[in-house]
$ cat coords26.cif   # mmCIF, C-alpha atoms and all ligand atoms
data_run
#
loop_
_atom_site.label_atom_id
_atom_site.label_comp_id
_atom_site.auth_asym_id
_atom_site.auth_seq_id
_atom_site.Cartn_x
_atom_site.Cartn_y
_atom_site.Cartn_z
CA MET A 124 -12.48 48.02 -42.16
CA ASN A 125 -11.51 46.81 -38.68
CA TYR A 126 -13.91 43.89 -38.60
CA VAL A 127 -11.45 41.53 -36.91
CA GLN A 128 -10.69 44.08 -34.17
CA ARG A 129 -14.41 44.70 -33.62
CA ARG A 130 -15.20 40.99 -33.36
CA ASP A 131 -12.26 40.51 -30.98
CA ALA A 132 -13.53 43.36 -28.81
CA LEU A 133 -16.98 41.77 -28.73
CA ALA A 134 -15.50 38.31 -27.95
CA ARG A 135 -13.65 39.84 -24.99
CA ALA A 136 -16.76 41.67 -23.78
CA LEU A 137 -18.81 38.45 -23.72
CA PRO A 138 -18.69 36.32 -20.56
CA GLU A 139 -16.95 32.94 -20.82
CA LYS A 140 -18.92 30.11 -22.39
CA SER A 141 -21.19 32.32 -24.44
CA VAL A 142 -21.87 33.28 -28.04
CA ALA A 143 -23.49 36.29 -29.66
CA ILE A 144 -25.75 35.59 -32.63
CA PHE A 145 -26.66 38.18 -35.28
CA PHE A 146 -28.63 37.90 -38.48
CA ASN A 147 -29.87 39.74 -41.51
CA PRO A 148 -33.63 39.46 -41.92
CA GLU A 149 -35.20 38.45 -45.22
CA PRO A 150 -36.41 41.39 -47.36
CA ALA A 151 -39.81 42.78 -46.35
CA ARG A 152 -42.65 42.39 -48.84
CA ARG A 153 -43.89 45.68 -50.31
CA SER A 154 -46.76 44.49 -52.49
CA GLY A 155 -47.45 41.73 -54.98
CA ASP A 156 -44.11 40.06 -55.55
CA GLN A 157 -42.07 43.22 -54.87
CA ASP A 158 -39.92 43.78 -51.79
CA TYR A 159 -38.88 46.98 -50.02
CA ALA A 160 -35.32 48.13 -50.74
CA TYR A 161 -33.14 45.88 -48.61
CA ARG A 162 -31.27 47.16 -45.58
CA PRO A 163 -29.10 44.64 -43.69
CA ASP A 164 -28.91 44.58 -39.91
CA SER A 165 -26.67 47.35 -38.56
CA ASN A 166 -24.74 45.03 -36.22
CA MET A 167 -24.02 42.64 -39.11
CA ILE A 168 -22.65 45.59 -41.06
CA TYR A 169 -20.58 46.73 -38.08
CA LEU A 170 -19.12 43.36 -37.13
CA CYS A 171 -18.52 41.72 -40.49
CA GLY A 172 -19.81 43.87 -43.37
CA MET A 173 -22.16 41.05 -44.38
CA ASP A 174 -25.08 42.51 -46.35
CA GLU A 175 -26.78 39.39 -47.74
CA PRO A 176 -30.37 38.68 -46.63
CA GLY A 177 -30.76 35.70 -44.30
CA ALA A 178 -27.10 35.45 -43.27
CA VAL A 179 -26.40 34.47 -39.64
CA ALA A 180 -23.19 35.32 -37.74
CA VAL A 181 -22.13 33.55 -34.54
CA ILE A 182 -19.31 35.13 -32.52
CA ALA A 183 -17.92 33.15 -29.59
CA SER A 184 -16.51 34.44 -26.33
CA ALA A 185 -12.74 34.94 -26.37
CA GLU A 186 -11.65 31.69 -24.69
CA GLN A 187 -13.31 29.49 -27.36
CA GLY A 188 -11.46 28.17 -30.38
CA VAL A 189 -13.72 28.89 -33.33
CA ARG A 190 -14.52 32.56 -32.89
CA PHE A 191 -16.54 33.54 -35.95
CA ARG A 192 -19.05 31.36 -37.81
CA LEU A 193 -21.17 32.45 -40.76
CA PHE A 194 -24.23 30.67 -42.12
CA VAL A 195 -25.22 31.81 -45.62
CA LYS A 196 -27.30 30.79 -48.60
CA PRO A 197 -25.30 28.48 -50.89
CA ARG A 198 -24.39 29.40 -54.45
CA ASP A 199 -27.21 28.58 -56.87
CA PRO A 200 -26.46 29.56 -60.50
CA GLU A 201 -30.08 29.13 -61.62
CA ARG A 202 -31.46 31.35 -58.86
CA GLU A 203 -28.59 33.83 -59.08
CA ARG A 204 -29.48 34.54 -62.74
CA TRP A 205 -32.71 36.04 -61.39
CA VAL A 206 -31.79 37.70 -58.12
CA GLY A 207 -28.07 38.41 -58.42
CA SER A 208 -24.97 36.70 -57.18
CA ARG A 209 -24.51 35.27 -53.72
CA TYR A 210 -21.31 35.03 -51.70
CA GLY A 211 -21.90 31.37 -50.95
CA VAL A 212 -20.12 29.31 -48.32
CA GLU A 213 -16.72 29.89 -49.98
CA GLY A 214 -17.31 33.65 -50.09
CA ALA A 215 -18.29 33.70 -46.43
CA ARG A 216 -14.90 32.20 -45.65
CA ASP A 217 -12.72 34.01 -48.20
CA GLN A 218 -14.35 37.46 -48.37
CA PHE A 219 -15.72 37.76 -44.86
CA GLY A 220 -13.04 35.88 -42.95
CA ALA A 221 -15.29 33.35 -41.24
CA ASP A 222 -13.35 30.71 -39.29
CA GLU A 223 -16.17 28.36 -40.19
CA ALA A 224 -18.80 28.84 -42.91
CA ARG A 225 -21.84 26.69 -43.59
CA ASP A 226 -25.02 26.47 -45.60
CA ILE A 227 -27.84 28.28 -43.76
CA ALA A 228 -29.88 25.07 -44.05
CA GLU A 229 -27.50 23.54 -41.48
CA LEU A 230 -28.09 26.24 -38.85
CA ARG A 231 -30.82 24.39 -36.95
CA ALA A 232 -28.75 21.21 -36.69
CA SER A 233 -25.53 23.12 -35.91
CA LEU A 234 -27.11 24.97 -33.00
CA SER A 235 -26.99 21.93 -30.73
CA ASP A 236 -23.22 21.68 -31.29
CA ILE A 237 -22.75 25.41 -30.78
CA LEU A 238 -24.95 25.62 -27.68
CA PHE A 239 -23.93 22.31 -26.06
CA ALA A 240 -21.21 23.62 -23.73
CA LEU A 241 -22.47 27.19 -23.32
CA GLU A 242 -23.81 29.01 -20.26
CA SER A 243 -25.43 31.93 -22.10
CA VAL A 244 -26.51 33.10 -25.54
CA TYR A 245 -26.61 36.74 -26.59
CA PHE A 246 -28.82 37.98 -29.40
CA ASP A 247 -30.64 41.13 -30.45
CA PHE A 248 -34.08 41.02 -28.80
CA THR A 249 -35.38 43.18 -31.66
CA TYR A 250 -35.48 39.98 -33.68
CA SER A 251 -36.73 37.74 -30.87
CA SER A 252 -39.73 36.51 -32.86
CA ALA A 253 -37.42 35.15 -35.55
CA LEU A 254 -34.46 33.91 -33.54
CA ALA A 255 -35.76 33.07 -30.06
CA PRO A 256 -37.99 30.11 -31.09
CA MET A 257 -35.06 28.41 -32.82
CA LEU A 258 -32.78 28.99 -29.84
CA PHE A 259 -35.39 27.77 -27.34
CA GLU A 260 -36.04 24.67 -29.39
CA ALA A 261 -32.34 23.82 -29.66
CA THR A 262 -31.84 24.48 -25.94
CA GLU A 263 -34.83 22.35 -24.96
CA ALA A 264 -33.56 19.51 -27.12
CA LEU A 265 -30.24 19.64 -25.25
CA ARG A 266 -31.98 19.67 -21.86
CA HIS A 267 -33.92 16.53 -22.78
CA ARG A 268 -31.10 14.67 -24.43
CA GLY A 269 -30.96 12.73 -21.22
CA ARG A 270 -27.36 12.03 -20.45
CA ARG A 271 -26.50 15.05 -18.36
CA ALA A 272 -28.80 17.77 -17.15
CA SER A 273 -26.02 20.30 -17.43
CA GLU A 274 -26.07 20.52 -21.22
CA GLY A 275 -26.99 23.74 -23.00
CA PRO A 276 -27.24 27.40 -22.02
CA ARG A 277 -29.23 28.62 -19.02
CA ALA A 278 -29.49 32.28 -19.96
CA PHE A 279 -30.61 34.30 -22.97
CA CYS A 280 -29.32 37.86 -22.94
CA ASP A 281 -29.85 40.97 -25.04
CA VAL A 282 -26.67 41.78 -26.95
CA ARG A 283 -27.70 45.33 -27.80
CA ASP A 284 -26.08 47.07 -24.84
CA ILE A 285 -22.69 45.46 -25.50
CA VAL A 286 -22.52 46.24 -29.22
CA GLY A 287 -24.22 49.59 -28.65
CA GLU A 288 -21.41 50.65 -26.34
CA MET A 289 -18.85 49.62 -28.97
CA ARG A 290 -20.66 51.45 -31.75
CA ARG A 291 -21.01 54.61 -29.64
CA ILE A 292 -17.30 55.34 -30.14
CA LYS A 293 -16.41 55.60 -33.84
CA ASP A 294 -13.05 54.29 -35.06
CA ALA A 295 -10.91 56.00 -37.71
CA ASP A 296 -12.52 54.06 -40.60
CA GLU A 297 -15.99 55.01 -39.46
CA ILE A 298 -15.06 58.68 -39.07
CA GLU A 299 -13.76 58.74 -42.66
CA ILE A 300 -17.04 57.32 -43.97
CA MET A 301 -19.08 59.68 -41.80
CA LYS A 302 -17.18 62.66 -43.17
CA ARG A 303 -18.24 61.56 -46.64
CA ALA A 304 -21.84 61.01 -45.53
CA ALA A 305 -21.76 64.57 -44.14
CA GLU A 306 -20.22 65.94 -47.35
CA VAL A 307 -22.82 64.31 -49.60
CA SER A 308 -25.62 65.44 -47.27
CA VAL A 309 -24.33 69.02 -47.50
CA ALA A 310 -24.30 68.77 -51.30
CA GLY A 311 -28.01 67.86 -51.23
CA PHE A 312 -28.90 71.01 -49.29
CA GLU A 313 -26.71 73.15 -51.55
CA ALA A 314 -28.61 71.81 -54.56
CA VAL A 315 -31.85 72.88 -52.87
CA LEU A 316 -30.49 76.37 -52.14
CA LYS A 317 -29.81 76.83 -55.86
CA THR A 318 -33.32 75.91 -56.99
CA LEU A 319 -35.74 76.75 -54.18
CA ARG A 320 -38.53 79.16 -55.15
CA PRO A 321 -42.24 79.86 -54.51
CA GLY A 322 -44.61 77.53 -56.37
CA MET A 323 -42.25 74.58 -56.14
CA GLY A 324 -43.64 71.35 -54.69
CA GLU A 325 -42.23 69.98 -51.44
CA TRP A 326 -41.80 66.75 -53.43
CA GLU A 327 -39.49 68.57 -55.83
CA VAL A 328 -37.26 69.57 -52.93
CA GLU A 329 -37.26 65.92 -51.83
CA ALA A 330 -36.35 64.84 -55.38
CA THR A 331 -33.55 67.43 -55.52
CA LEU A 332 -32.04 65.95 -52.35
CA GLN A 333 -32.41 62.38 -53.61
CA HIS A 334 -30.79 63.25 -56.92
CA ALA A 335 -27.86 65.00 -55.28
CA PHE A 336 -27.31 62.07 -52.89
CA ARG A 337 -27.50 59.32 -55.50
CA ALA A 338 -25.51 61.31 -58.08
CA ARG A 339 -22.67 61.33 -55.54
CA HIS A 340 -22.97 57.58 -55.11
CA ALA A 341 -24.73 57.59 -51.76
CA MET A 342 -26.94 54.56 -51.17
CA GLY A 343 -29.84 56.99 -50.86
CA GLU A 344 -31.45 58.82 -47.96
CA SER A 345 -30.59 57.73 -44.43
CA PHE A 346 -34.26 58.34 -43.49
CA GLY A 347 -37.35 59.74 -45.18
CA SER A 348 -36.61 63.38 -46.00
CA ILE A 349 -38.73 66.01 -44.27
CA CYS A 350 -39.47 68.93 -46.63
CA ALA A 351 -41.97 70.94 -44.62
CA GLY A 352 -43.21 74.24 -46.04
CA GLY A 353 -44.88 76.86 -43.82
CA ALA A 354 -46.80 75.50 -40.84
CA HIS A 355 -46.04 71.88 -41.81
CA ALA A 356 -42.71 72.57 -40.10
CA THR A 357 -44.51 72.55 -36.76
CA THR A 358 -45.23 68.83 -37.25
CA LEU A 359 -42.01 67.17 -36.11
CA HIS A 360 -41.89 64.27 -38.56
CA TYR A 361 -43.83 65.64 -41.54
CA GLU A 362 -42.80 63.36 -44.41
CA ALA A 363 -45.79 63.70 -46.72
CA ASN A 364 -44.00 66.38 -48.79
CA ARG A 365 -47.10 66.96 -50.95
CA ASP A 366 -47.84 70.67 -50.54
CA VAL A 367 -46.79 73.61 -52.70
CA LEU A 368 -44.30 76.11 -51.27
CA ARG A 369 -45.72 79.58 -50.79
CA ASP A 370 -44.10 82.98 -51.17
CA GLY A 371 -43.26 84.32 -47.72
CA ASP A 372 -43.11 80.92 -46.03
CA LEU A 373 -40.12 79.09 -44.64
CA ILE A 374 -39.25 75.53 -45.54
CA LEU A 375 -37.78 73.24 -42.89
CA ILE A 376 -35.70 70.46 -44.42
CA ASP A 377 -34.40 67.54 -42.35
CA ALA A 378 -32.56 65.01 -44.48
CA GLY A 379 -29.33 63.09 -44.86
CA ALA A 380 -27.46 60.82 -47.21
CA GLU A 381 -26.56 57.23 -46.42
CA VAL A 382 -23.00 56.43 -47.48
CA GLU A 383 -21.69 52.88 -47.03
CA TYR A 384 -24.42 52.33 -44.45
CA TYR A 385 -23.52 55.42 -42.40
CA ALA A 386 -25.96 58.29 -41.96
CA GLY A 387 -25.70 62.01 -42.44
CA ASP A 388 -28.44 64.05 -40.74
CA ILE A 389 -28.90 67.77 -41.38
CA SER A 390 -31.71 70.26 -40.78
CA ARG A 391 -31.89 73.71 -42.29
CA THR A 392 -34.70 76.23 -42.54
CA PHE A 393 -34.71 78.48 -45.60
CA PRO A 394 -37.05 81.28 -46.73
CA VAL A 395 -38.84 80.01 -49.85
CA ASN A 396 -38.48 83.39 -51.61
CA GLY A 397 -34.93 83.99 -50.46
CA ARG A 398 -35.63 86.65 -47.78
CA PHE A 399 -36.48 86.15 -44.10
CA SER A 400 -39.34 88.29 -42.75
CA PRO A 401 -38.62 90.17 -39.46
CA ALA A 402 -40.66 87.63 -37.43
CA GLN A 403 -38.95 84.67 -39.12
CA ARG A 404 -35.61 86.36 -38.43
CA ASP A 405 -36.41 86.64 -34.68
CA ILE A 406 -37.06 82.92 -34.36
CA TYR A 407 -34.27 81.86 -36.69
CA GLU A 408 -31.64 83.94 -34.87
CA LEU A 409 -32.72 82.50 -31.53
CA VAL A 410 -32.50 78.89 -32.76
CA LEU A 411 -29.14 79.58 -34.42
CA LYS A 412 -27.71 81.16 -31.26
CA ALA A 413 -28.85 78.16 -29.23
CA GLN A 414 -27.41 75.73 -31.76
CA LYS A 415 -24.01 77.43 -31.91
CA GLU A 416 -23.72 77.61 -28.14
CA ALA A 417 -24.85 73.97 -27.79
CA ILE A 418 -22.17 72.82 -30.24
CA GLU A 419 -19.57 74.45 -27.98
CA THR A 420 -20.65 72.12 -25.16
CA CYS A 421 -19.79 68.99 -27.19
CA ILE A 422 -16.47 68.44 -25.47
CA VAL A 423 -14.89 65.46 -23.73
CA GLY A 424 -16.13 65.19 -20.16
CA ASN A 425 -19.44 66.94 -20.72
CA HIS A 426 -22.42 64.63 -21.03
CA ILE A 427 -24.88 63.79 -23.77
CA LYS A 428 -27.47 66.14 -22.25
CA SER A 429 -25.10 69.16 -22.05
CA PRO A 430 -26.12 70.54 -25.48
CA HIS A 431 -29.80 70.23 -24.54
CA GLN A 432 -29.31 72.11 -21.28
CA ARG A 433 -27.54 74.92 -23.10
CA VAL A 434 -30.30 75.14 -25.73
CA ARG A 435 -32.96 75.35 -23.05
CA GLU A 436 -31.11 78.17 -21.28
CA VAL A 437 -30.75 80.19 -24.48
CA PHE A 438 -34.40 79.54 -25.40
CA ALA A 439 -35.64 80.55 -21.93
CA HIS A 440 -33.99 83.95 -22.27
CA GLY A 441 -34.97 84.38 -25.91
CA LEU A 442 -38.62 83.39 -25.47
CA HIS A 443 -38.85 85.91 -22.65
CA GLU A 444 -37.16 88.69 -24.62
CA LEU A 445 -39.38 88.13 -27.68
CA GLY A 446 -42.47 88.37 -25.47
CA ILE A 447 -43.57 84.83 -26.25
CA LEU A 448 -43.41 83.83 -22.60
CA SER A 449 -43.90 86.51 -19.96
CA GLU A 450 -42.36 84.46 -17.12
CA SER A 451 -38.74 84.94 -16.11
CA PRO A 452 -36.11 82.69 -17.73
CA GLN A 453 -35.65 80.97 -14.34
CA THR A 454 -39.37 80.18 -14.11
CA ILE A 455 -39.50 79.06 -17.74
CA LEU A 456 -36.76 76.52 -17.00
CA SER A 457 -37.98 75.34 -13.61
CA GLU A 458 -41.56 74.89 -14.84
CA ASN A 459 -40.55 73.53 -18.28
CA LEU A 460 -42.62 76.20 -20.04
CA ASP A 461 -40.32 76.06 -23.07
CA PHE A 462 -41.60 72.53 -23.67
CA ALA A 463 -44.68 74.02 -25.37
CA PHE A 464 -42.49 75.13 -28.29
CA TYR A 465 -39.50 72.79 -27.98
CA PHE A 466 -40.66 69.28 -27.24
CA HIS A 467 -37.86 67.08 -28.55
CA GLY A 468 -34.29 66.38 -27.46
CA THR A 469 -31.33 68.31 -28.87
CA SER A 470 -29.03 65.40 -29.67
CA HIS A 471 -28.84 61.78 -30.67
CA TYR A 472 -25.90 59.59 -31.54
CA LEU A 473 -25.28 59.22 -35.26
CA GLY A 474 -23.71 56.29 -37.09
CA ILE A 475 -24.91 53.18 -38.93
CA ASP A 476 -28.34 54.11 -37.68
CA THR A 477 -29.60 57.68 -37.88
CA HIS A 478 -30.74 57.48 -34.27
CA ASP A 479 -27.68 55.45 -33.46
CA VAL A 480 -27.25 52.98 -30.62
CA GLY A 481 -25.24 53.69 -27.50
CA ILE A 482 -26.26 54.25 -23.95
CA ALA A 483 -27.47 57.77 -23.18
CA TYR A 484 -28.26 57.03 -19.54
CA ARG A 485 -26.22 54.56 -17.50
CA ARG A 486 -28.36 51.83 -16.04
CA GLY A 487 -28.83 52.11 -12.31
CA HIS A 488 -27.72 55.74 -12.33
CA ASP A 489 -29.59 58.79 -13.45
CA ALA A 490 -26.39 60.30 -14.82
CA PRO A 491 -26.24 60.77 -18.60
CA ALA A 492 -23.33 59.18 -20.48
CA ARG A 493 -20.19 61.31 -20.82
CA LEU A 494 -19.00 62.51 -24.18
CA GLU A 495 -15.78 60.84 -25.26
CA GLU A 496 -13.42 61.12 -28.20
CA GLY A 497 -14.99 59.46 -31.23
CA VAL A 498 -18.61 60.09 -30.29
CA VAL A 499 -20.67 61.54 -33.16
CA LEU A 500 -23.87 63.30 -32.20
CA THR A 501 -26.34 65.71 -33.75
CA VAL A 502 -27.13 69.15 -32.36
CA GLU A 503 -30.60 70.12 -33.53
CA PRO A 504 -32.59 72.67 -31.56
CA GLY A 505 -35.89 73.87 -32.97
CA LEU A 506 -38.83 76.11 -32.13
CA TYR A 507 -42.34 75.36 -33.37
CA PHE A 508 -45.34 77.67 -33.10
CA THR A 509 -48.55 76.16 -34.41
CA GLU A 510 -50.91 78.32 -36.47
CA ASP A 511 -53.69 78.20 -33.87
CA ASP A 512 -51.67 78.86 -30.70
CA ALA A 513 -53.42 81.89 -29.19
CA ARG A 514 -50.76 82.23 -26.46
CA VAL A 515 -48.18 83.24 -29.05
CA PRO A 516 -47.94 86.71 -30.69
CA GLU A 517 -49.70 86.40 -34.03
CA LYS A 518 -46.62 87.19 -36.13
CA TYR A 519 -44.89 84.04 -34.86
CA ARG A 520 -47.76 81.60 -35.44
CA GLY A 521 -47.13 78.97 -38.09
CA ILE A 522 -43.35 79.34 -37.89
CA GLY A 523 -41.19 76.26 -37.37
CA VAL A 524 -37.39 76.43 -37.40
CA ARG A 525 -34.84 73.66 -36.82
CA ILE A 526 -31.09 73.84 -37.43
CA GLU A 527 -29.06 70.63 -37.19
CA ASP A 528 -25.42 69.73 -37.69
CA ASP A 529 -23.40 66.55 -37.12
CA VAL A 530 -20.65 66.90 -34.53
CA LEU A 531 -17.60 64.72 -33.86
CA VAL A 532 -16.19 64.94 -30.34
CA THR A 533 -12.38 65.12 -30.32
CA ALA A 534 -9.66 65.88 -27.78
CA ARG A 535 -9.31 69.29 -29.46
CA GLY A 536 -13.01 70.09 -29.15
CA PRO A 537 -16.08 69.69 -31.34
CA VAL A 538 -15.57 69.14 -35.08
CA VAL A 539 -18.69 70.01 -37.09
CA LEU A 540 -18.75 67.46 -39.94
CA THR A 541 -21.43 69.44 -41.77
CA ALA A 542 -19.79 72.86 -41.25
CA GLN A 543 -19.56 73.47 -45.01
CA LEU A 544 -23.29 74.10 -45.19
CA ILE A 545 -24.19 77.76 -44.56
CA LYS A 546 -26.60 78.71 -41.78
CA GLU A 547 -26.13 82.46 -41.16
CA ILE A 548 -29.07 84.55 -42.40
CA ASP A 549 -26.79 86.83 -44.47
CA ASP A 550 -25.13 83.85 -46.16
CA ILE A 551 -28.47 82.17 -46.95
CA GLU A 552 -29.97 85.36 -48.39
CA ALA A 553 -26.85 86.11 -50.44
CA CYS A 554 -26.70 82.53 -51.73
CA MET A 555 -30.39 82.45 -52.64
CA GLY A 556 -30.04 85.84 -54.32
CA ARG A 557 -27.74 84.14 -56.81
CA ARG A 558 -30.26 81.40 -57.70
CA GLU A 559 -30.53 80.15 -61.25
CA GLY A 560 -33.18 81.44 -63.66
MN MN B 1 -31.39 64.22 -36.26
#
$ encode --input "coords26.cif" --output "structure tokens"
Amino acid sequence: MNYVQRRDALARALPEKSVAIFFNPEPARRSGDQDYAYRPDSNMIYLCGMDEPGAVAVIASAEQGVRFRLFVKPRDPERERWVGSRYGVEGARDQFGADEARDIAELRASLSDILFALESVYFDFTYSSALAPMLFEATEALRHRGRRASEGPRAFCDVRDIVGEMRRIKDADEIEIMKRAAEVSVAGFEAVLKTLRPGMGEWEVEATLQHAFRARHAMGESFGSICAGGAHATTLHYEANRDVLRDGDLILIDAGAEVEYYAGDISRTFPVNGRFSPAQRDIYELVLKAQKEAIETCIVGNHIKSPHQRVREVFAHGLHELGILSESPQTILSENLDFAFYFHGTSHYLGIDTHDVGIAYRRGHDAPARLEEGVVLTVEPGLYFTEDDARVPEKYRGIGVRIEDDVLVTARGPVVLTAQLIKEIDDIEACMGRREG
């Protein structure tokens, strides 16, 4: 992985006389003496691959000598017999390439040396409650050390915009991993297609996905899988997955595998019994048309909102033609009438986080960020008609459809990383017709 290049890029992006500080939080307590499954900080993963709880990374601006410091828990054979091995100070140096590695217990004392000659300190404000008090304390101590009032930093800055801009463009290593995350995610949905049938529990669909992901050595799900049968699909983030799938209903599945800390993110909507009803077909075909046209807009020079604009245009015409909205497509768009049935965005960046970092709107401008080579984004239009919406023709009530793929922007146009997974009605019906048992 290009950790050295990434840290160099960050060092050059920082102003002179500054450092950026990152850290992995301690595991979160679940209950009793059990913790939640551990997930390291995404920027730690991106900049040095360090996954150990409690580790702290300090990266200095380019003109400084020692560029990369790591503070980690020391080796402790007694403790490691219980909780697993640690990298230790030696590992931080040898495996992670730290120019300087120390025991985490020395962080507090080391901060005065690190901060002494600095003008500014960058850290992730997400963790301000953990990091800011220590930084303030160290800075205050320098201010009151007495000899010269000029000691210590004067500014604390949020590092998220800088690293977010770096992470927005994926390098070759990242794209390789993301292709695998996409592949494993596809395999999960294919496993569902083979087994889906009326009477199955939504939780069984969830378990099918989890099994397919883990069996292919994914770390697990990149977010809590949504397996929403029938009208549950009209709740955007339905994750309860505790209902039974009924004959004649659709199931909306939004899930993805996490591979080496990178996320896949797919949505598909399948008929539980293997056949779409005419009303379900109407909505599905409209969403699919919008999704395919939106993917075509994922080209260099367009902006992050281009797919959304295209989806809204297709929906405005389709909602009018299906008699769901009587107003003209122009009126639907200008008065945002489509918002009643399509109330989320079409795209987000995808990467180490499912809703990945990266600026969507440039600060000080209203213009959305342009798509560039190496950007990975989702395209995920959906239409949702609640069961009790009297404005909507009865046959469409309770139908929710979302179709989502992961798209890499390249100089040669959009590359759909999840293209292997079928989404045409004929293909889905033919595939489900061949189900086991
Ligand atoms: Mn998504």
$ residues_around --input "coords26.cif" --residues "Val382 in chain A" --least-positions-apart "6" --cutoff "8 Å" --atoms "all atoms listed in the file" --output "JSON, numbers by chain"
{"A": [300, 301, 303, 304, 340, 341, 342, 343]}
$ atom_distance --input "coords26.cif" --atom1 "CA of Glu175 in chain A" --atom2 "CA of Leu193 in chain A"
11.3 Å
$ residues_near_ligand --input "coords26.cif" --ligand "ligand MN 1 (chain B)" --cutoff "8 Å" --atoms "all atoms listed in the file" --output "list in words"
Asp377, Asp388, Ile389, Ser390, Ser470, His471, Leu473, Thr477, His478, Thr501, Val502, Glu503 and Glu527 of chain A
$ write_last_selection --input "coords26.cif" --atoms "C-alpha atoms" --output "CSV table (one decimal), in the coordinates of the input"
chain,number,residue,atom,x,y,z
A,377,ASP,CA,-34.4,67.5,-42.4
A,388,ASP,CA,-28.4,64.0,-40.7
A,389,ILE,CA,-28.9,67.8,-41.4
A,390,SER,CA,-31.7,70.3,-40.8
A,470,SER,CA,-29.0,65.4,-29.7
A,471,HIS,CA,-28.8,61.8,-30.7
A,473,LEU,CA,-25.3,59.2,-35.3
A,477,THR,CA,-29.6,57.7,-37.9
A,478,HIS,CA,-30.7,57.5,-34.3
A,501,THR,CA,-26.3,65.7,-33.8
A,502,VAL,CA,-27.1,69.2,-32.4
A,503,GLU,CA,-30.6,70.1,-33.5
A,527,GLU,CA,-29.1,70.6,-37.2
$ residues_around --input "coords26.cif" --residues "range 184-190 of chain A" --least-positions-apart "4" --cutoff "6 Å" --atoms "all atoms listed in the file" --output "list in words"
Ala134, Arg135, Leu137, Glu139, Ser141 and Val142 of chain A
$ closest_residue --input "coords26.cif" --among "A:Asn166, A:Thr533, A:Ser252, A:Asn147" --to "Val423 in chain A" --atoms "all atoms listed in the file"
A:Thr533
$ atom_distance --input "coords26.cif" --atom1 "CA of Asp550 in chain A" --atom2 "CA of Asp461 in chain A"
28.7 Å
